[in-house]
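Read through the structure below, which is laid out as structure tokens, and then see the notes.
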Amino acid sequence: MENTTQKNDKNPFVKAFANNSWNTPDNAIPFDQLHLNDYIPAVQAGIETARANIAKVKNNPAAADFKNTIVALEEAAEMMEAATGVYFNLFSAEASTEMQALAKEISPIGAAFSSEVNLDADLFARVNVVYSQMAKLGLNSEDKMLLEKTYRGFTRNGALLNSQDKEKLRQIDQELSVLGPQFSEHVLKATNLFEMLLTDKKDLAGLPESAVESAAADAKQKNKTGWLFTLQAPSFIPFMQYSTRSDLREKLWRAYSSRALEGDTSNKKIIMDMIRLRTERAQLLGYKNHAAITLTERMAETPERVFTFLNQLLDVVQPAAVKDVAELRDFAQKLDGTKEVKPWDVAYYSEKLREEKFKFSDEELRPYFQLENVVQGVFAHAQKLYGLQFKKRTDIPLYHPDVNAYEVVDAKNQYIGLFYTDFFPRETKKSGAWMTEFRGQGQFMGEVRRPHVSIVCNFTKPTLSKPSLLTYDEVKTLFHEFGHALHGLLSNVHHRSLSGPNVYWDFVELPSQVMENWVGEKEGLDVFAKHFETGAPIPADLVQKIRDANTFQAGYGALRQLTFAILDMAWHTADPQGIQDVTAFELQATARTRLFEYVPGTGVSTSFSHIFAGGYSAGYYSYKWAEVLDADAFEYFKEKGIFNAEVAAKFRENILSKGGTEHPMELYKKFRGREPDPNALLRRDGLL
Ligand SMILES: [Zn+2]
């Protein structure tokens, strides 16, 4: 008969941790040996091991110190983390229905285990002893950061509360964990509920061939005759941009802007409940509101600082946005005599104005962006900036034939890590693009190890006649994700939980966003942008058009982002007692950013999934915050030359290699010699 030990002996995760090795080239994840049935036993075995490790920490007769408590905790759950880490990577990138279904078991197991650890009073007592001695322990900056992070992990999850309040917190967390998914479910339902079926060819006026084709395909799929338009981005956006029928655009826009506002899918009550519960949770833990507690682990630190930041941007952006809209009004009047531009007209006239001003389309750029050339181009950037070389490896196990693996070495031929790429869409992959790690740099399986980093995208596929030719946006995305990858690859720390991209939320987009700047420069594009058939370099006038178009309607675009950021902060600093109605609250909070008269029956909050169903609550400002950092950082490169070795070395030494081992503002100041200049972003956007 087979017993658990025998079963576990065959589990690849259990075997690997018994040997401190995967027994593969580079100790890479053996994707070819993992099976659907391996994950849950591995997570369970991992939790058992972690429990035993934690019991050792608690029962240690020696007084608690940094090594026997904080470092021991950091290493306690390695097997569980490895199993869930591999699982969730594949959940996003390559998951069959069966594989997806496992999440319903794995997520609650993980959540229950983390509550068990966070609310363990004896364990916290030892952590607290070490924390209270921090000043006299003579720790270096990295160890201090780990100690603080560990301590906060406990206190922010209720370790300091009495048992009655612990119970309250557990209840609040329980209620909140249900509301987020309900919110997204409503948004999804409301989005799918609306359909606009057109049966008269005249109604398609202005639409590009590709949009007409997919609308016909969507109709056919639902056994309907004609052209079907929906609120899904690939259907909605082209219609708003190209349809000459203002009445139909209005219909679509009104449907989009009233999602989950009223009726069965209304999110109004959910929002009120969430704001109340989040405020109660924050206050239970000793903070004024949800924003205040969230920002304790952000570079911005306090709600006041975020508001000051947003309002300073708004002072410049608001008048620029008013000008952008005035320009659109003049243009619309000239184009077709339209007297009043409504919210559903903006995308349409904006697209027409862009075409007239810059005289190029995205389609003209594609031939210069063959995927293979762009990949070699981004590698060449890493070589010029950081001396890195990428060599394709054929002996590394992969989870899909589309995936490639590269060995990365530095200028001295020293091993930096493994880099995987996974570029094309498929049914088993989530939409969007992201960077991820199969193994973060740092202490793992008994020694400090180099990282295994991956980028996953959904780029234009090759066809029978043409290779993959990217849009300019896709090129920017590749450079963006590669910037995150460099953050992972060049990490050089000890504790794995502080390595690479494990930094504050409003700092993590600096390494990625900064890389996008190089493809906005002629010198950067000239490295790789060559015609895929003739090999001719991208013409200088086309590069100039790309650069000019970068600041088109920048005020209007920035104002939209600021509206979301300000609304998010308003919700998460408000006193829930004072809120009577979701719409009334939203109108008041966004009064300063409004460019058009309010259209009754519409709103933003009830479909604002980032903050009510994603991780961005009190964090939407991070996008703009990191844009300031990357614009300011890139000005330094531009000043000295975009491939300047000295600036690159400083960026690597102070930002890319340091992960979260020091406060991000300290790291930034070491790189730049001063705090970031808030005007750098406005200068780049052409708003100053
Ligand atoms: Zn990013």
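Naming works like this for the structure tokens: A, B, ... for the chains as they're shown, residue 1 at the start of each chain, ligands 1 onward in shown order.
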
Worksheet entry | Test item: residues at most 9 Å from Ser243 of chain A, only C-alpha atoms, excluding those fewer than 4 positions along its chain, as an MDAnalysis selection string | chainID A and resid 203:208 238:239 248:249 348

Fill in: Neighbour list for segment 513-525 of chain A as a ChimeraX atom specification, cut-off 8 Å, only C-alpha atoms, skip fewer than 4 positions in-chain
/A:381,475-477,479-480,482-483,509,529,538,540,543,546-547,626-627,630-631,633-634,642

Please produce a file of those selected residues containing C-alpha atoms, as a PDB file, in the first residue's frame.
```
ATOM      1  CA  HIS A 381      20.146  48.155 -25.005  1.00  0.00           C
ATOM      2  CA  VAL A 475       7.367  47.742 -28.749  1.00  0.00           C
ATOM      3  CA  LYS A 476       6.936  50.034 -25.747  1.00  0.00           C
ATOM      4  CA  THR A 477       5.312  47.183 -23.808  1.00  0.00           C
ATOM      5  CA  PHE A 479      10.729  47.490 -23.323  1.00  0.00           C
ATOM      6  CA  HIS A 480       8.527  48.091 -20.262  1.00  0.00           C
ATOM      7  CA  PHE A 482      12.069  44.050 -20.017  1.00  0.00           C
ATOM      8  CA  GLY A 483      12.733  46.920 -17.581  1.00  0.00           C
ATOM      9  CA  GLU A 509       7.173  50.974 -12.137  1.00  0.00           C
ATOM     10  CA  ALA A 529      14.203  49.504 -36.155  1.00  0.00           C
ATOM     11  CA  ILE A 538      13.514  53.599 -40.034  1.00  0.00           C
ATOM     12  CA  ALA A 540      14.269  59.990 -39.660  1.00  0.00           C
ATOM     13  CA  VAL A 543      10.869  58.916 -36.005  1.00  0.00           C
ATOM     14  CA  ILE A 546       6.436  59.401 -33.503  1.00  0.00           C
ATOM     15  CA  ARG A 547       8.138  61.864 -31.171  1.00  0.00           C
ATOM     16  CA  ALA A 626       6.249  56.559 -11.032  1.00  0.00           C
ATOM     17  CA  GLU A 627       5.961  58.625 -14.228  1.00  0.00           C
ATOM     18  CA  ASP A 630      11.014  57.837 -14.670  1.00  0.00           C
ATOM     19  CA  ALA A 631      10.806  61.201 -16.457  1.00  0.00           C
ATOM     20  CA  ALA A 633      15.575  59.703 -14.146  1.00  0.00           C
ATOM     21  CA  PHE A 634      15.592  59.796 -17.935  1.00  0.00           C
ATOM     22  CA  ILE A 642      21.185  58.050 -23.279  1.00  0.00           C
TER      23      ILE A 642
END
```

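By only C-alpha atoms, and with residues fewer than 3 positions from Leu176 of chain A along its chain excluded, the set lying at most 9 Å from it is A:Gln171, A:Ile172, A:Asp173, A:Leu179, A:Gly180, A:Asp273, A:Met274, A:Leu277, A:Arg278.
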
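Between His487 of chain A and the residues A:His452, A:His290, A:Lys56, A:Arg305, the shortest atom-to-atom distance, using only C-alpha atoms, involves A:His452.
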
Worksheet entry | Ser617 of chain A surroundings by only C-alpha atoms, 8 Å radius, close-in-sequence under 5 positions cut, as a ChimeraX atom specification | /A:291,568,572,610-612

Hey, can you spit out that residue selection with N, CA and C atoms as a PDB file, in the first residue's frame?
```pdb
ATOM      1  N   ALA A 291      -6.632  54.900   3.382  1.00  0.00           N
ATOM      2  CA  ALA A 291      -5.474  55.475   2.681  1.00  0.00           C
ATOM      3  C   ALA A 291      -4.290  55.594   3.636  1.00  0.00           C
ATOM      4  N   ASP A 568     -10.156  57.991  -6.283  1.00  0.00           N
ATOM      5  CA  ASP A 568      -9.677  56.898  -5.432  1.00  0.00           C
ATOM      6  C   ASP A 568      -9.304  57.423  -4.045  1.00  0.00           C
ATOM      7  N   HIS A 572     -11.114  56.803  -0.236  1.00  0.00           N
ATOM      8  CA  HIS A 572     -10.380  56.134   0.846  1.00  0.00           C
ATOM      9  C   HIS A 572      -9.868  57.043   1.944  1.00  0.00           C
ATOM     10  N   HIS A 610     -10.199  48.671 -10.517  1.00  0.00           N
ATOM     11  CA  HIS A 610      -8.853  48.824  -9.956  1.00  0.00           C
ATOM     12  C   HIS A 610      -8.887  48.982  -8.435  1.00  0.00           C
ATOM     13  N   ILE A 611      -9.803  49.813  -7.956  1.00  0.00           N
ATOM     14  CA  ILE A 611      -9.772  50.144  -6.520  1.00  0.00           C
ATOM     15  C   ILE A 611     -10.781  49.352  -5.700  1.00  0.00           C
ATOM     16  N   PHE A 612     -11.813  48.784  -6.337  1.00  0.00           N
ATOM     17  CA  PHE A 612     -12.810  48.032  -5.569  1.00  0.00           C
ATOM     18  C   PHE A 612     -12.687  46.517  -5.776  1.00  0.00           C
TER      19      PHE A 612
END
```

Practice prompt. Find the residues near segment 160-165 of chain A: any atom within 12 Å, counting only C-alpha atoms, skip ones fewer than 2 places away on the same chain, and give them as a list in words.
Written response: Asn118, Leu119, Asp120, Ala121, Asp122, Phe124, Ala125, Val127, Asn128, Tyr151, Arg152, Gly153, Phe154, Thr155, Arg156, Asn157, Gly158, Glu167, Lys168, Leu169, Arg170, Gln171, Ile172, Glu280, Arg281, Gln283, Leu284, Leu285 and Gly286 of chain A

Fill in: Exercise: segment 399-412 of chain A partners within 8 Å, only C-alpha atoms, chain neighbours under 6 positions left out, as a ChimeraX atom specification
/A:31-32,94,386-393,418-424

Could you write out that same residue set with N, CA, C and O atoms as a PDB file, in the first residue's frame?
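Resulting contents of part-v8.pdb:
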```pdb
ATOM      1  N   PHE A  31       9.644  22.012 -15.758  1.00  0.00           N
ATOM      2  CA  PHE A  31       8.257  22.063 -16.228  1.00  0.00           C
ATOM      3  C   PHE A  31       7.826  20.750 -16.880  1.00  0.00           C
ATOM      4  O   PHE A  31       6.664  20.379 -16.825  1.00  0.00           O
ATOM      5  N   ASP A  32       8.791  20.075 -17.502  1.00  0.00           N
ATOM      6  CA  ASP A  32       8.452  18.825 -18.193  1.00  0.00           C
ATOM      7  C   ASP A  32       8.116  17.698 -17.219  1.00  0.00           C
ATOM      8  O   ASP A  32       7.572  16.679 -17.625  1.00  0.00           O
ATOM      9  N   GLU A  94      -0.367  29.613 -18.700  1.00  0.00           N
ATOM     10  CA  GLU A  94      -0.604  28.362 -19.426  1.00  0.00           C
ATOM     11  C   GLU A  94      -1.471  27.444 -18.561  1.00  0.00           C
ATOM     12  O   GLU A  94      -0.978  26.504 -17.934  1.00  0.00           O
ATOM     13  N   TYR A 386      24.330  48.056 -19.547  1.00  0.00           N
ATOM     14  CA  TYR A 386      24.784  47.302 -18.373  1.00  0.00           C
ATOM     15  C   TYR A 386      25.762  46.174 -18.709  1.00  0.00           C
ATOM     16  O   TYR A 386      26.084  45.362 -17.850  1.00  0.00           O
ATOM     17  N   GLY A 387      26.198  46.121 -19.976  1.00  0.00           N
ATOM     18  CA  GLY A 387      27.184  45.117 -20.356  1.00  0.00           C
ATOM     19  C   GLY A 387      26.658  43.690 -20.370  1.00  0.00           C
ATOM     20  O   GLY A 387      27.433  42.743 -20.325  1.00  0.00           O
ATOM     21  N   LEU A 388      25.334  43.507 -20.443  1.00  0.00           N
ATOM     22  CA  LEU A 388      24.776  42.154 -20.376  1.00  0.00           C
ATOM     23  C   LEU A 388      24.753  41.486 -21.753  1.00  0.00           C
ATOM     24  O   LEU A 388      24.585  42.140 -22.776  1.00  0.00           O
ATOM     25  N   GLN A 389      24.919  40.162 -21.738  1.00  0.00           N
ATOM     26  CA  GLN A 389      24.784  39.384 -22.976  1.00  0.00           C
ATOM     27  C   GLN A 389      23.765  38.284 -22.775  1.00  0.00           C
ATOM     28  O   GLN A 389      23.708  37.680 -21.711  1.00  0.00           O
ATOM     29  N   PHE A 390      22.964  38.036 -23.830  1.00  0.00           N
ATOM     30  CA  PHE A 390      21.905  37.029 -23.769  1.00  0.00           C
ATOM     31  C   PHE A 390      22.217  35.917 -24.762  1.00  0.00           C
ATOM     32  O   PHE A 390      22.377  36.180 -25.952  1.00  0.00           O
ATOM     33  N   LYS A 391      22.331  34.671 -24.250  1.00  0.00           N
ATOM     34  CA  LYS A 391      22.607  33.542 -25.141  1.00  0.00           C
ATOM     35  C   LYS A 391      21.460  32.554 -25.043  1.00  0.00           C
ATOM     36  O   LYS A 391      21.106  32.121 -23.941  1.00  0.00           O
ATOM     37  N   LYS A 392      20.907  32.209 -26.198  1.00  0.00           N
ATOM     38  CA  LYS A 392      19.780  31.281 -26.208  1.00  0.00           C
ATOM     39  C   LYS A 392      20.203  29.904 -25.699  1.00  0.00           C
ATOM     40  O   LYS A 392      21.268  29.403 -26.059  1.00  0.00           O
ATOM     41  N   ARG A 393      19.372  29.300 -24.849  1.00  0.00           N
ATOM     42  CA  ARG A 393      19.664  27.964 -24.312  1.00  0.00           C
ATOM     43  C   ARG A 393      18.602  26.994 -24.810  1.00  0.00           C
ATOM     44  O   ARG A 393      17.421  27.324 -24.881  1.00  0.00           O
ATOM     45  N   LEU A 418      18.682  33.387 -15.533  1.00  0.00           N
ATOM     46  CA  LEU A 418      17.965  32.895 -16.706  1.00  0.00           C
ATOM     47  C   LEU A 418      16.857  33.875 -17.046  1.00  0.00           C
ATOM     48  O   LEU A 418      16.232  34.456 -16.162  1.00  0.00           O
ATOM     49  N   PHE A 419      16.603  34.039 -18.352  1.00  0.00           N
ATOM     50  CA  PHE A 419      15.554  34.948 -18.806  1.00  0.00           C
ATOM     51  C   PHE A 419      14.665  34.206 -19.806  1.00  0.00           C
ATOM     52  O   PHE A 419      15.154  33.679 -20.800  1.00  0.00           O
ATOM     53  N   TYR A 420      13.369  34.108 -19.501  1.00  0.00           N
ATOM     54  CA  TYR A 420      12.411  33.418 -20.369  1.00  0.00           C
ATOM     55  C   TYR A 420      11.540  34.455 -21.079  1.00  0.00           C
ATOM     56  O   TYR A 420      11.223  35.501 -20.519  1.00  0.00           O
ATOM     57  N   THR A 421      11.141  34.155 -22.325  1.00  0.00           N
ATOM     58  CA  THR A 421      10.172  35.018 -23.006  1.00  0.00           C
ATOM     59  C   THR A 421       9.000  34.162 -23.494  1.00  0.00           C
ATOM     60  O   THR A 421       9.182  33.012 -23.907  1.00  0.00           O
ATOM     61  N   ASP A 422       7.798  34.726 -23.448  1.00  0.00           N
ATOM     62  CA  ASP A 422       6.571  34.022 -23.864  1.00  0.00           C
ATOM     63  C   ASP A 422       5.665  35.076 -24.503  1.00  0.00           C
ATOM     64  O   ASP A 422       4.981  35.810 -23.808  1.00  0.00           O
ATOM     65  N   PHE A 423       5.697  35.197 -25.850  1.00  0.00           N
ATOM     66  CA  PHE A 423       5.185  36.398 -26.499  1.00  0.00           C
ATOM     67  C   PHE A 423       3.766  36.347 -27.067  1.00  0.00           C
ATOM     68  O   PHE A 423       3.142  37.370 -27.240  1.00  0.00           O
ATOM     69  N   PHE A 424       3.241  35.159 -27.440  1.00  0.00           N
ATOM     70  CA  PHE A 424       2.012  35.170 -28.230  1.00  0.00           C
ATOM     71  C   PHE A 424       0.774  34.762 -27.436  1.00  0.00           C
ATOM     72  O   PHE A 424       0.857  33.940 -26.524  1.00  0.00           O
TER      73      PHE A 424
END
```

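Proximity of A:Arg450, A:Met435, A:Lys545, A:Gly557 to ligand 1, computed with only C-alpha atoms and all ligand atoms, is greatest for A:Met435.
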
Worksheet entry | All residues 10 Å or closer to segment 651-654 of chain A, only C-alpha atoms, same chain fewer than 3 positions away omitted, as a PyMOL selection string | chain A and resi 385-386+486-487+490-492+511+633+637+645-648+657-659+662+664+666-672

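From atom CA of Phe643 of chain A back to atom CA of Ser499 of chain A, the distance works out to 25.4 Å.
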
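Taking only segment 567-621 of chain A, the residues that DSSP calls helix (DSSP H, G or I) from the backbone come to Leu567, Asp568, Met569, Ala570, Trp571, His572, Thr573, Pro576, Gln577, Gly578, Val582, Thr583, Ala584, Phe585, Glu586, Leu587, Gln588, Ala589, Ala591, Arg592, Thr593, Ser605, Thr606, Ser607, Ser609, His610, Ile611 and Phe612 of chain A.
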
Discussion item. Would you compute the distance between atom CA of Ala347 of chain A and atom CA of Lys222 of chain A? Give it in Å to one decimal.
Written reply: 28.2 Å

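Proximity of A:Arg560, A:His186, A:Arg439, A:His35 to Gly417 of chain A, computed with only C-alpha atoms, is greatest for A:Arg439.
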
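Take atom CA of Pro25 of chain A and atom CA of Val453 of chain A: the distance between them is 15.3 Å.
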
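The residue that comes closest to Trp344 of chain A, out of A:Val71, A:Gln241, A:Val374, A:Val212 and on the basis of only C-alpha atoms, is A:Gln241.
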